[in-house]
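Enquirer: So I've got this file, run09.txt, and it contains compact mmCIF, C-alpha atoms:
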```txt
# COMPACT_ATOMS: atom_id res chain seq x y z
CA MET W 1 -17.16 -117.37 -73.28
CA SER W 2 -15.86 -118.82 -76.56
CA GLN W 3 -12.28 -118.15 -77.56
CA THR W 4 -11.91 -116.35 -80.86
CA PRO W 5 -8.71 -115.02 -82.45
CA GLU W 6 -9.76 -111.55 -81.30
CA THR W 7 -10.34 -112.52 -77.66
CA LEU W 8 -7.12 -114.55 -77.62
CA ALA W 9 -5.05 -111.67 -79.03
CA HIS W 10 -6.38 -109.26 -76.42
CA ALA W 11 -5.91 -111.82 -73.65
CA LEU W 12 -2.25 -112.08 -74.65
CA LEU W 13 -1.89 -108.29 -74.43
CA ASP W 14 -3.43 -108.27 -70.96
CA ALA W 15 -1.04 -111.01 -69.87
CA ALA W 16 1.92 -109.10 -71.32
CA ARG W 17 1.03 -105.93 -69.41
CA LYS W 18 0.66 -107.87 -66.17
CA ALA W 19 4.04 -109.53 -66.78
CA GLY W 20 5.75 -106.13 -67.05
CA ALA W 21 5.94 -105.42 -70.77
CA ASP W 22 6.10 -101.76 -71.77
CA ALA W 23 4.39 -102.54 -75.09
CA ALA W 24 3.30 -105.62 -77.02
CA ASP W 25 1.49 -106.94 -80.05
CA ALA W 26 -0.18 -110.30 -80.50
CA ILE W 27 -1.39 -112.35 -83.43
CA ALA W 28 -3.88 -115.20 -83.14
CA ILE W 29 -4.82 -117.57 -85.97
CA ALA W 30 -7.55 -120.20 -85.92
CA GLY W 31 -7.28 -122.52 -88.89
CA THR W 32 -8.61 -125.61 -90.60
CA SER W 33 -6.95 -127.52 -93.42
CA LEU W 34 -7.99 -130.57 -95.39
CA SER W 35 -5.97 -132.35 -98.09
CA ILE W 36 -6.75 -135.42 -100.19
CA ASP W 37 -4.28 -137.40 -102.34
CA VAL W 38 -5.40 -139.89 -104.96
CA ARG W 39 -3.37 -142.54 -106.78
CA GLY W 40 -4.72 -145.07 -109.27
CA GLY W 41 -8.24 -143.75 -108.84
CA ALA W 42 -8.28 -144.60 -105.14
CA LEU W 43 -7.72 -142.59 -101.99
CA GLU W 44 -4.04 -142.67 -101.00
CA GLU W 45 -3.93 -140.19 -98.13
CA ALA W 46 -6.28 -137.85 -96.30
CA GLN W 47 -5.17 -135.26 -93.77
CA ARG W 48 -7.17 -132.85 -91.68
CA SER W 49 -5.98 -130.43 -89.04
CA GLU W 50 -7.66 -127.85 -86.85
CA GLY W 51 -6.14 -125.60 -84.25
CA SER W 52 -5.02 -122.21 -83.08
CA ASP W 53 -1.60 -120.59 -83.23
CA LEU W 54 -0.59 -117.68 -81.03
CA GLY W 55 2.31 -115.27 -81.30
CA LEU W 56 3.31 -112.58 -78.81
CA ARG W 57 5.95 -109.89 -79.23
CA VAL W 58 6.83 -107.84 -76.17
CA PHE W 59 8.98 -104.76 -75.66
CA VAL W 60 10.85 -103.77 -72.54
CA GLY W 61 12.30 -100.42 -73.47
CA ARG W 62 14.10 -101.03 -76.76
CA ARG W 63 14.56 -104.71 -76.04
CA SER W 64 12.14 -107.24 -77.50
CA ALA W 65 11.34 -110.95 -77.63
CA ILE W 66 8.87 -113.20 -79.43
CA VAL W 67 7.18 -116.37 -78.15
CA SER W 68 4.55 -118.63 -79.70
CA ALA W 69 2.25 -121.49 -78.73
CA SER W 70 -0.71 -123.50 -79.94
CA ASP W 71 -2.26 -123.99 -76.51
CA THR W 72 -4.99 -121.47 -75.74
CA ARG W 73 -5.47 -122.16 -72.03
CA GLU W 74 -5.30 -119.15 -69.72
CA GLU W 75 -2.28 -120.50 -67.85
CA THR W 76 -0.42 -120.93 -71.15
CA LEU W 77 -1.07 -117.32 -72.11
CA ARG W 78 0.24 -116.20 -68.74
CA THR W 79 3.36 -118.35 -69.07
CA MET W 80 3.98 -117.08 -72.61
CA ALA W 81 3.89 -113.47 -71.44
CA GLU W 82 6.15 -114.09 -68.47
CA ARG W 83 8.73 -115.91 -70.55
CA ALA W 84 8.63 -113.26 -73.27
CA VAL W 85 9.26 -110.46 -70.80
CA THR W 86 12.10 -112.40 -69.16
CA MET W 87 13.67 -113.00 -72.59
CA ALA W 88 13.26 -109.36 -73.61
CA ARG W 89 15.07 -108.14 -70.51
CA GLU W 90 18.10 -110.21 -71.54
CA ALA W 91 17.98 -109.24 -75.22
CA PRO W 92 20.26 -106.57 -76.72
CA GLU W 93 18.82 -103.12 -77.24
CA ASP W 94 17.61 -102.24 -80.73
CA PRO W 95 17.19 -98.49 -81.30
CA TYR W 96 14.87 -99.16 -84.23
CA ALA W 97 12.48 -101.55 -82.46
CA GLY W 98 9.01 -100.52 -81.43
CA LEU W 99 5.34 -100.45 -82.34
CA ALA W 100 3.76 -97.99 -84.72
CA ASP W 101 2.65 -94.63 -83.38
CA PRO W 102 -1.15 -94.45 -83.01
CA ASP W 103 -1.43 -91.91 -85.84
CA GLN W 104 0.24 -94.41 -88.22
CA LEU W 105 -2.41 -97.09 -87.71
CA GLY W 106 -5.25 -97.90 -90.03
CA ILE W 107 -7.13 -100.39 -92.15
CA GLY W 108 -6.70 -99.78 -95.86
CA ALA W 109 -9.82 -101.56 -97.10
CA ASP W 110 -12.92 -103.22 -95.70
CA PRO W 111 -12.04 -106.95 -95.60
CA ALA W 112 -15.49 -107.70 -97.02
CA THR W 113 -14.71 -105.80 -100.23
CA LEU W 114 -11.51 -107.81 -100.69
CA GLU W 115 -13.51 -111.08 -100.80
CA LEU W 116 -10.84 -113.02 -98.93
CA SER W 117 -13.26 -115.71 -97.75
CA ASP W 118 -15.59 -117.93 -99.75
CA PRO W 119 -19.02 -118.04 -98.07
CA ALA W 120 -19.60 -121.54 -99.48
CA PRO W 121 -19.43 -124.34 -96.89
CA GLU W 122 -16.29 -126.40 -96.38
CA PRO W 123 -16.15 -129.07 -99.12
CA ASP W 124 -16.82 -132.67 -98.23
CA PRO W 125 -13.73 -134.93 -98.34
CA ALA W 126 -15.49 -137.14 -100.86
CA ALA W 127 -15.93 -134.16 -103.17
CA LEU W 128 -12.22 -133.33 -102.94
CA GLN W 129 -11.33 -136.95 -103.65
CA GLU W 130 -13.53 -136.92 -106.73
CA GLU W 131 -11.86 -133.74 -108.03
CA ALA W 132 -8.41 -135.28 -107.63
CA ARG W 133 -9.58 -138.51 -109.29
CA ARG W 134 -10.95 -136.61 -112.27
CA ALA W 135 -7.69 -134.68 -112.70
CA GLU W 136 -5.72 -137.94 -112.59
CA ALA W 137 -8.06 -139.60 -115.09
CA ALA W 138 -7.81 -136.67 -117.50
CA ALA W 139 -4.00 -136.85 -117.44
CA LEU W 140 -3.94 -140.64 -117.87
CA ALA W 141 -6.22 -140.34 -120.90
CA HIS W 142 -3.22 -139.06 -122.90
CA ASP W 143 -1.16 -141.65 -124.75
CA GLY W 144 2.36 -141.73 -123.35
CA ILE W 145 1.50 -140.83 -119.75
CA ARG W 146 2.69 -143.85 -117.78
CA GLN W 147 1.61 -142.83 -114.31
CA ILE W 148 0.48 -140.00 -112.10
CA ASP W 149 2.92 -139.15 -109.35
CA SER W 150 0.26 -137.28 -107.40
CA ALA W 151 -3.20 -135.82 -107.76
CA SER W 152 -4.24 -133.66 -104.83
CA ALA W 153 -7.12 -131.46 -103.76
CA GLY W 154 -7.22 -129.26 -100.68
CA TYR W 155 -9.11 -126.71 -98.65
CA GLY W 156 -7.98 -124.26 -96.00
CA ALA W 157 -9.58 -121.58 -93.84
CA GLN W 158 -7.98 -119.16 -91.41
CA SER W 159 -9.28 -116.46 -89.13
CA VAL W 160 -6.53 -113.96 -88.25
CA HIS W 161 -6.53 -111.21 -85.65
CA LEU W 162 -3.80 -108.73 -84.78
CA ALA W 163 -3.91 -106.52 -81.70
CA ALA W 164 -1.37 -104.22 -80.06
CA THR W 165 -1.03 -102.00 -77.01
CA ASN W 166 -0.88 -98.92 -79.27
CA GLY W 167 -4.60 -99.36 -79.85
CA PHE W 168 -4.68 -101.36 -83.06
CA SER W 169 -7.11 -104.25 -83.38
CA GLY W 170 -8.11 -105.82 -86.67
CA GLY W 171 -8.80 -109.17 -88.27
CA TYR W 172 -10.13 -111.04 -91.27
CA ARG W 173 -10.92 -114.53 -92.52
CA ARG W 174 -9.23 -116.17 -95.51
CA THR W 175 -10.06 -119.37 -97.41
CA SER W 176 -8.26 -121.31 -100.12
CA ARG W 177 -9.07 -124.12 -102.54
CA SER W 178 -6.40 -126.02 -104.44
CA LEU W 179 -6.11 -128.74 -107.05
CA SER W 180 -2.90 -130.11 -108.58
CA CYS W 181 -1.55 -132.99 -110.63
CA VAL W 182 1.93 -134.36 -111.49
CA ALA W 183 2.32 -136.67 -114.50
CA ILE W 184 5.22 -138.93 -115.53
CA THR W 185 6.12 -140.10 -119.01
CA GLY W 186 8.95 -142.21 -120.45
CA GLU W 187 10.90 -145.09 -118.92
CA GLY W 188 14.05 -145.54 -116.85
CA LEU W 189 16.56 -142.74 -117.27
CA GLY W 190 14.29 -141.27 -119.93
CA MET W 191 11.46 -140.51 -117.50
CA GLU W 192 10.19 -136.95 -117.45
CA ARG W 193 7.57 -135.23 -115.32
CA ASP W 194 5.65 -131.99 -115.20
CA HIS W 195 2.77 -130.53 -113.28
CA ASP W 196 -0.09 -128.07 -113.25
CA GLY W 197 -2.45 -126.80 -110.60
CA ASP W 198 -4.65 -123.99 -109.41
CA ASN W 199 -5.13 -122.23 -106.09
CA ARG W 200 -8.04 -119.86 -105.50
CA ILE W 201 -9.94 -118.21 -102.68
CA PHE W 202 -13.35 -119.15 -104.12
CA GLN W 203 -14.25 -122.71 -105.09
CA SER W 204 -16.27 -121.37 -108.02
CA ASP W 205 -13.13 -119.78 -109.54
CA LEU W 206 -11.08 -122.99 -109.51
CA ARG W 207 -10.19 -124.47 -112.88
CA SER W 208 -11.83 -127.80 -113.69
CA PRO W 209 -10.06 -131.07 -112.86
CA GLU W 210 -10.15 -132.01 -116.55
CA ASP W 211 -8.42 -128.78 -117.55
CA ILE W 212 -5.67 -129.30 -114.96
CA GLY W 213 -5.18 -132.99 -115.81
CA ASP W 214 -5.08 -132.30 -119.55
CA SER W 215 -2.57 -129.47 -119.15
CA THR W 216 -0.38 -131.59 -116.86
CA ALA W 217 -0.20 -134.38 -119.43
CA ARG W 218 0.59 -132.06 -122.32
CA ARG W 219 3.38 -130.40 -120.36
CA ALA W 220 4.92 -133.75 -119.44
CA LEU W 221 4.72 -135.05 -123.02
CA GLU W 222 6.45 -131.90 -124.28
CA ARG W 223 9.52 -132.90 -122.25
CA VAL W 224 10.09 -136.33 -123.84
CA LYS W 225 13.64 -137.03 -125.12
CA PRO W 226 15.22 -133.68 -124.23
CA ARG W 227 18.47 -132.52 -125.79
CA ARG W 228 21.13 -129.94 -124.98
CA PRO W 229 21.78 -127.19 -127.52
CA LYS W 230 25.23 -125.80 -128.26
CA THR W 231 26.73 -123.38 -125.76
CA GLY W 232 26.39 -119.78 -126.87
CA ALA W 233 24.53 -116.49 -126.52
CA TYR W 234 20.82 -116.71 -127.37
CA PRO W 235 17.53 -114.96 -126.69
CA VAL W 236 15.63 -116.60 -123.83
CA LEU W 237 11.86 -116.48 -123.37
CA TYR W 238 10.83 -117.01 -119.76
CA ASP W 239 7.46 -118.73 -119.98
CA GLU W 240 4.64 -117.20 -117.94
CA ARG W 241 4.95 -120.16 -115.56
CA VAL W 242 8.42 -118.98 -114.45
CA SER W 243 8.67 -115.34 -115.55
CA SER W 244 7.67 -114.04 -112.12
CA SER W 245 11.02 -115.36 -110.84
CA LEU W 246 12.77 -112.51 -112.67
CA ILE W 247 10.53 -109.94 -111.00
CA GLY W 248 11.07 -111.83 -107.76
CA HIS W 249 14.81 -111.13 -108.01
CA LEU W 250 14.04 -107.43 -108.43
CA VAL W 251 11.70 -107.20 -105.43
CA SER W 252 14.18 -109.19 -103.30
CA ALA W 253 16.86 -106.63 -104.16
CA ILE W 254 14.65 -103.70 -103.05
CA ASN W 255 13.56 -105.33 -99.79
CA GLY W 256 14.24 -102.88 -96.97
CA ALA W 257 16.11 -105.42 -94.85
CA THR W 258 18.51 -106.08 -97.74
CA ILE W 259 18.94 -102.38 -98.45
CA ALA W 260 19.59 -101.58 -94.77
CA ARG W 261 22.38 -104.18 -94.76
CA GLY W 262 23.85 -102.70 -97.94
CA ALA W 263 23.74 -106.15 -99.53
CA SER W 264 21.81 -105.43 -102.71
CA TRP W 265 22.79 -104.94 -106.32
CA LEU W 266 20.09 -102.23 -106.45
CA ARG W 267 21.21 -100.37 -103.30
CA ASP W 268 22.11 -97.24 -105.31
CA ALA W 269 19.29 -97.47 -107.85
CA LEU W 270 16.56 -95.41 -106.16
CA GLY W 271 15.20 -92.96 -108.72
CA GLU W 272 16.97 -94.72 -111.57
CA ALA W 273 15.71 -96.85 -114.47
CA VAL W 274 15.59 -100.57 -113.67
CA LEU W 275 13.02 -101.68 -116.28
CA PRO W 276 12.25 -100.55 -119.84
CA ASP W 277 10.61 -97.12 -119.98
CA ALA W 278 7.20 -98.52 -120.96
CA LEU W 279 6.94 -100.89 -117.98
CA SER W 280 5.67 -100.29 -114.47
CA LEU W 281 5.47 -102.66 -111.51
CA ILE W 282 2.39 -102.04 -109.38
CA GLU W 283 1.75 -103.40 -105.91
CA ASP W 284 -1.96 -103.55 -105.06
CA PRO W 285 -2.98 -105.33 -101.84
CA HIS W 286 -6.65 -104.50 -102.41
CA ARG W 287 -7.41 -106.75 -105.39
CA ALA W 288 -10.53 -108.81 -104.71
CA ARG W 289 -10.28 -112.61 -104.54
CA VAL W 290 -6.47 -112.62 -104.73
CA MET W 291 -4.28 -114.52 -102.27
CA GLY W 292 -1.87 -111.65 -101.61
CA SER W 293 -4.54 -109.13 -100.64
CA ARG W 294 -4.87 -107.81 -97.08
CA PRO W 295 -6.38 -104.70 -95.44
CA PHE W 296 -3.44 -104.03 -93.08
CA ASP W 297 0.10 -105.25 -92.53
CA ALA W 298 1.58 -107.12 -89.57
CA GLU W 299 2.22 -103.86 -87.68
CA GLY W 300 -1.29 -102.47 -88.07
CA LEU W 301 -0.56 -100.02 -90.91
CA ALA W 302 -3.10 -99.61 -93.68
CA THR W 303 -1.99 -101.27 -96.89
CA ARG W 304 -2.19 -99.25 -100.10
CA ARG W 305 -1.60 -99.39 -103.81
CA ARG W 306 1.78 -98.07 -104.99
CA ALA W 307 3.96 -98.05 -108.06
CA ILE W 308 7.22 -99.75 -107.09
CA VAL W 309 8.55 -99.07 -110.56
CA ASP W 310 6.92 -96.22 -112.49
CA LYS W 311 7.61 -96.15 -116.24
CA GLY W 312 10.87 -97.97 -115.71
CA VAL W 313 12.07 -95.92 -112.71
CA LEU W 314 12.47 -97.41 -109.23
CA THR W 315 10.43 -95.27 -106.82
CA GLY W 316 11.11 -96.79 -103.41
CA TRP W 317 12.02 -99.70 -101.16
CA THR W 318 9.72 -102.24 -99.51
CA LEU W 319 9.72 -101.31 -95.83
CA ASP W 320 8.46 -102.31 -92.43
CA LEU W 321 8.80 -99.95 -89.46
CA ALA W 322 12.22 -101.03 -88.19
CA ASN W 323 13.95 -100.94 -91.56
CA ALA W 324 12.23 -97.67 -92.43
CA ARG W 325 13.65 -96.16 -89.24
CA LYS W 326 17.12 -97.47 -90.08
CA LEU W 327 16.94 -95.78 -93.48
CA GLY W 328 15.31 -92.57 -92.26
CA MET W 329 12.16 -93.26 -94.26
CA GLU W 330 8.48 -94.11 -93.74
CA SER W 331 7.12 -97.65 -93.72
CA THR W 332 5.36 -98.72 -96.91
CA ALA W 333 3.00 -100.95 -94.85
CA ASN W 334 4.73 -104.11 -96.01
CA ALA W 335 5.41 -105.76 -92.66
CA ALA W 336 4.85 -109.52 -92.54
CA ARG W 337 5.23 -112.02 -89.70
CA SER W 338 4.38 -115.52 -88.60
CA VAL W 339 3.32 -116.39 -85.07
CA SER W 340 6.86 -117.54 -84.23
CA GLY W 341 9.00 -115.22 -86.33
CA GLY W 342 9.99 -111.61 -86.30
CA VAL W 343 8.62 -108.86 -88.49
CA SER W 344 10.22 -108.36 -91.92
CA PRO W 345 9.28 -106.57 -95.15
CA SER W 346 7.37 -108.52 -97.80
CA ASN W 347 5.57 -107.60 -101.00
CA TRP W 348 1.87 -108.16 -101.57
CA ASN W 349 0.20 -108.47 -105.01
CA LEU W 350 2.40 -107.42 -107.92
CA GLU W 351 1.50 -106.67 -111.52
CA LEU W 352 3.91 -105.92 -114.36
CA THR W 353 2.76 -103.99 -117.41
CA GLN W 354 1.79 -106.43 -120.15
CA GLY W 355 2.90 -106.14 -123.74
CA THR W 356 0.88 -106.09 -126.95
CA GLN W 357 2.39 -109.23 -128.53
CA THR W 358 1.35 -112.80 -127.86
CA ARG W 359 3.74 -115.47 -126.62
CA ASP W 360 3.73 -116.96 -130.13
CA ASP W 361 4.68 -113.57 -131.57
CA LEU W 362 7.72 -113.44 -129.31
CA ILE W 363 8.68 -117.02 -130.20
CA ALA W 364 8.58 -116.13 -133.88
CA GLU W 365 10.63 -113.01 -133.18
CA MET W 366 13.29 -114.99 -131.27
CA GLY W 367 14.52 -116.86 -134.29
CA THR W 368 16.76 -119.33 -132.44
CA GLY W 369 16.76 -119.55 -128.66
CA LEU W 370 15.31 -121.14 -125.54
CA ILE W 371 11.85 -121.09 -123.95
CA VAL W 372 12.36 -121.71 -120.23
CA THR W 373 9.46 -123.60 -118.65
CA SER W 374 11.10 -124.77 -115.42
CA MET W 375 14.12 -123.79 -113.35
CA ILE W 376 16.41 -125.63 -110.92
CA GLY W 377 18.62 -123.99 -108.31
CA SER W 378 19.77 -120.40 -108.22
CA THR W 379 23.08 -118.61 -107.96
CA ILE W 380 22.56 -114.86 -107.62
CA ASN W 381 25.36 -112.57 -106.47
CA PRO W 382 23.48 -110.18 -104.13
CA ASN W 383 26.02 -107.38 -104.62
CA THR W 384 26.49 -107.48 -108.41
CA GLY W 385 23.30 -109.08 -109.74
CA ASP W 386 25.24 -111.78 -111.60
CA TYR W 387 22.71 -114.49 -112.42
CA SER W 388 23.00 -118.22 -113.11
CA ARG W 389 20.21 -120.81 -113.02
CA GLY W 390 19.65 -124.34 -114.24
CA ALA W 391 16.81 -124.54 -116.74
CA ALA W 392 14.68 -126.81 -118.90
CA GLY W 393 12.23 -125.98 -121.63
CA LEU W 394 11.85 -125.93 -125.40
CA TRP W 395 14.35 -125.07 -128.13
CA VAL W 396 13.28 -122.70 -130.88
CA GLU W 397 14.74 -122.66 -134.40
CA ASN W 398 13.61 -120.28 -137.12
CA GLY W 399 10.79 -119.09 -134.89
CA GLN W 400 9.36 -122.58 -134.38
CA ILE W 401 9.57 -124.97 -131.41
CA ALA W 402 12.00 -127.72 -132.42
CA TYR W 403 12.66 -130.02 -129.44
CA PRO W 404 12.66 -130.19 -125.61
CA VAL W 405 15.72 -129.10 -123.63
CA SER W 406 17.02 -129.98 -120.17
CA GLY W 407 20.26 -129.81 -118.21
CA VAL W 408 21.32 -126.34 -119.36
CA THR W 409 22.37 -123.24 -117.44
CA VAL W 410 21.23 -119.72 -118.25
CA ALA W 411 23.50 -116.87 -117.14
CA GLY W 412 23.56 -113.09 -117.33
CA ASN W 413 23.38 -110.00 -115.15
CA LEU W 414 20.07 -108.89 -113.67
CA HIS W 415 20.83 -105.19 -114.26
CA GLU W 416 21.05 -105.78 -118.01
CA MET W 417 18.38 -108.48 -118.17
CA LEU W 418 15.66 -106.44 -116.50
CA ARG W 419 16.43 -103.31 -118.51
CA THR W 420 15.80 -105.18 -121.77
CA ILE W 421 12.86 -107.48 -120.98
CA GLN W 422 10.09 -107.60 -123.56
CA PRO W 423 6.70 -108.72 -122.18
CA ALA W 424 4.03 -110.77 -123.90
CA ASN W 425 0.31 -110.34 -123.11
CA ASP W 426 -0.38 -113.74 -121.53
CA ALA W 427 -0.30 -113.08 -117.76
CA ARG W 428 -3.02 -114.76 -115.68
CA PRO W 429 -4.90 -111.90 -113.97
CA TRP W 430 -6.00 -113.88 -110.91
CA LEU W 431 -2.50 -114.62 -109.64
CA SER W 432 -0.86 -112.66 -106.84
CA ARG W 433 2.05 -111.98 -109.21
CA VAL W 434 0.70 -111.04 -112.62
CA VAL W 435 3.73 -111.32 -114.88
CA PRO W 436 3.55 -112.30 -118.57
CA SER W 437 6.11 -114.30 -120.53
CA LEU W 438 9.31 -112.25 -120.80
CA LEU W 439 11.81 -112.26 -123.65
CA VAL W 440 15.42 -111.44 -122.76
CA GLU W 441 18.04 -111.02 -125.47
CA GLY W 442 21.60 -112.28 -125.46
CA LEU W 443 21.85 -114.51 -122.41
CA THR W 444 24.65 -117.05 -122.12
CA LEU W 445 23.44 -120.64 -122.42
CA ALA W 446 25.72 -123.43 -121.22
CA GLY W 447 24.79 -126.60 -123.07
CA GLU W 448 26.89 -128.95 -125.22
```
Spell out the structure here as structure tokens.
Expert:
Amino acid sequence: MSQTPETLAHALLDAARKAGADAADAIAIAGTSLSIDVRGGALEEAQRSEGSDLGLRVFVGRRSAIVSASDTREETLRTMAERAVTMAREAPEDPYAGLADPDQLGIGADPATLELSDPAPEPDPAALQEEARRAEAAALAHDGIRQIDSASAGYGAQSVHLAATNGFSGGYRRTSRSLSCVAITGEGLGMERDHDGDNRIFQSDLRSPEDIGDSTARRALERVKPRRPKTGAYPVLYDERVSSSLIGHLVSAINGATIARGASWLRDALGEAVLPDALSLIEDPHRARVMGSRPFDAEGLATRRRAIVDKGVLTGWTLDLANARKLGMESTANAARSVSGGVSPSNWNLELTQGTQTRDDLIAEMGTGLIVTSMIGSTINPNTGDYSRGAAGLWVENGQIAYPVSGVTVAGNLHEMLRTIQPANDARPWLSRVVPSLLVEGLTLAGE
């Protein structure tokens, strides 16, 4: 009998019961990955991997332990279960640990309707190499591009199955196709680089190599001979490439694990305004052909669409079962896990309300300020929301782009920043986080 993720997951549960576990859940992943790197028009590196990964979580009363392996032999499954039960018996009790009740289980959408897997055959390595070569050639066709740091194409496929002793059993297959390029311009200490890429579930949705190579080159050339503007308070436009980082700080602050620890600058903000009144933040794990989609979470609860922020007002936390129990609430079906790690809350697909103005409209409206196109490092005070990040981008004067900028620091407070963001209408709808360029007024810029 062939071993599939489903049969492996159930075999782990059987082994856990025999080893003395009161309850258990198991995740099994069978995956294939292929990556090709090109330099100077020739193959530089090719990697391929195939294998299975197994994760088992067992409960002995309110004590739990997690073990993982990549060996699928029967004796390995038995040893995993025995070790997990032994570890659990020595672990401290956790009053909030435990599987979902059977009436909490479900599958929120038919995996087939989510289109998580491309039915097209696995691409040939030669085809991936040709895509990477074409992206490199398109970037090198631009005057001023001295070399390509990397041009890469890749493919991945995973079959995932989750099963638990509470009766849950569900799985799905996911594929991915990627293409990326990094270009370098300038010489010596004046060298600058930038990148572009695309990552899709379906090969047919992937942007062309020429588009990616051309965009990479233009981005790199925009960074030539950067300057540092004068220190002061200016409007800052977070380009669509980096704007999701602002929303990322918000969703990190409403993560149930952070809230349960009391270590969040939004810990008292439930039911209060955190964004402008016209903006909502929607989580939708059922968008077709999107990387963050899934029919159920890592605890077997049906995923569902919800408004995290509704017309500016924060409506709830992001919760798995354990953190929901700690807070006296219900899980939002946002549990995530790897084969070797514990369960924790995580957000799926997010979409912020878009504005009516274009990015160029906002640039003209800025007057004088900074367009941030890349960010380095992060200093966020988790209790106050004080924000400081290194940035590079483009300086705007009189509503027009004047020169490139690097080596500056942007600072503010996330409470105030998020309450005043002004969105453009340029978000890419196929991303897992659909966030347009965001204009923020009056941030402190540390430059010259």
Enquirer: Taking all atoms listed in the file into account, which of W:Val343, W:Leu314, W:Asp297, W:Val434 comes nearest W:Ala269?
Expert: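 Ranked by minimum distance to W:Ala269, first place goes to W:Leu314.
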Enquirer: Need the shell around stretch 182-199 of chain W: protein/DNA/RNA residues with any atom at most 7 Å away, counting only C-alpha atoms. Skip same-chain ones fewer than 6 positions apart. Format as a list of chain:residue names?
Expert: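 With the cut-off at 7 Å, the set is W:Ala139, W:Gly144, W:Ile145, W:Arg146, W:Gln147, W:Ile148, W:Asp149, W:Ser150, W:Ala151, W:Ser176, W:Leu206, W:Arg207, W:Ile212, W:Ser215, W:Thr216, W:Ala217, W:Arg219, W:Ala220, W:Leu221, W:Arg223, W:Val224, W:Lys225.
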Enquirer: Those residues with C-alpha atoms, as an mmCIF file, keeping the file's coordinate frame please?
Expert:
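Resulting contents of selection-v9.cif:
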```
data_model
loop_
_atom_site.group_PDB
_atom_site.id
_atom_site.type_symbol
_atom_site.label_atom_id
_atom_site.label_comp_id
_atom_site.auth_asym_id
_atom_site.auth_seq_id
_atom_site.Cartn_x
_atom_site.Cartn_y
_atom_site.Cartn_z
ATOM 1 C CA ALA W 139 -4.000 -136.850 -117.440
ATOM 2 C CA GLY W 144 2.360 -141.730 -123.350
ATOM 3 C CA ILE W 145 1.500 -140.830 -119.750
ATOM 4 C CA ARG W 146 2.690 -143.850 -117.780
ATOM 5 C CA GLN W 147 1.610 -142.830 -114.310
ATOM 6 C CA ILE W 148 0.480 -140.000 -112.100
ATOM 7 C CA ASP W 149 2.920 -139.150 -109.350
ATOM 8 C CA SER W 150 0.260 -137.280 -107.400
ATOM 9 C CA ALA W 151 -3.200 -135.820 -107.760
ATOM 10 C CA SER W 176 -8.260 -121.310 -100.120
ATOM 11 C CA LEU W 206 -11.080 -122.990 -109.510
ATOM 12 C CA ARG W 207 -10.190 -124.470 -112.880
ATOM 13 C CA ILE W 212 -5.670 -129.300 -114.960
ATOM 14 C CA SER W 215 -2.570 -129.470 -119.150
ATOM 15 C CA THR W 216 -0.380 -131.590 -116.860
ATOM 16 C CA ALA W 217 -0.200 -134.380 -119.430
ATOM 17 C CA ARG W 219 3.380 -130.400 -120.360
ATOM 18 C CA ALA W 220 4.920 -133.750 -119.440
ATOM 19 C CA LEU W 221 4.720 -135.050 -123.020
ATOM 20 C CA ARG W 223 9.520 -132.900 -122.250
ATOM 21 C CA VAL W 224 10.090 -136.330 -123.840
ATOM 22 C CA LYS W 225 13.640 -137.030 -125.120
#
```
Enquirer: Quick one: pull the distance between atom CA of W:Thr175 and atom CA of W:Ala28, Å, one decimal.
Expert: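 Distance reported for this atom pair: 16.1 Å.
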Enquirer: If I take atom CA of W:Ser70 and atom CA of W:Asp14, how far is one from the other in Å, to one decimal?
Expert: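 Rounded to one decimal, the two atoms are 17.9 Å apart.
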Enquirer: Hey, can I get the axis-aligned box for stretch 306-318 of chain W? All listed atoms, 5 Å padding on each side, centre and edge lengths in Å to one decimal, as lines of an AutoDock Vina configuration file.
Expert:
```
center_x = 7.1
center_y = -98.8
center_z = -107.9
size_x = 20.7
size_y = 17.0
size_z = 26.7
```
Enquirer: Excluding same-chain residues fewer than 2 positions from stretch 414-431 of chain W, what lies within 7 Å of it counting all atoms listed in the file, as a list in words?
Expert: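 Contacts, with the query itself left out: Glu240, Val274, Leu275, Pro276, Val290, Gln354, Gly355, Thr356, Gln357, Thr358, Arg359, Gly385, Asp386, Tyr387, Gly412, Arg433, Val434, Val435, Pro436, Ser437, Leu438, Leu439 and Val440 of chain W.
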Enquirer: Name the residues in contact with W:Ile29 at a cut-off of 8 Å, using only C-alpha atoms, excluding same-chain residues fewer than 5 positions from it; report them as a PyMOL selection string.
Expert: chain W and resi 5+52-54+158-161
Enquirer: Take the residues that were just selected and, keeping C-alpha atoms, output them as a PDB file, keeping the file's coordinate frame.
Expert:
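Result saved to result35.pdb:
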```
ATOM      1  CA  PRO W   5      -8.710-115.020 -82.450  1.00  0.00           C
ATOM      2  CA  SER W  52      -5.020-122.210 -83.080  1.00  0.00           C
ATOM      3  CA  ASP W  53      -1.600-120.590 -83.230  1.00  0.00           C
ATOM      4  CA  LEU W  54      -0.590-117.680 -81.030  1.00  0.00           C
ATOM      5  CA  GLN W 158      -7.980-119.160 -91.410  1.00  0.00           C
ATOM      6  CA  SER W 159      -9.280-116.460 -89.130  1.00  0.00           C
ATOM      7  CA  VAL W 160      -6.530-113.960 -88.250  1.00  0.00           C
ATOM      8  CA  HIS W 161      -6.530-111.210 -85.650  1.00  0.00           C
TER       9      HIS W 161
END
```
Enquirer: Near W:Arg304, within 7 Å and counting all atoms listed in the file, which residues show up once chain neighbours fewer than 4 positions away are dropped, as number ranges by chain?
Expert: W: 108, 284-285
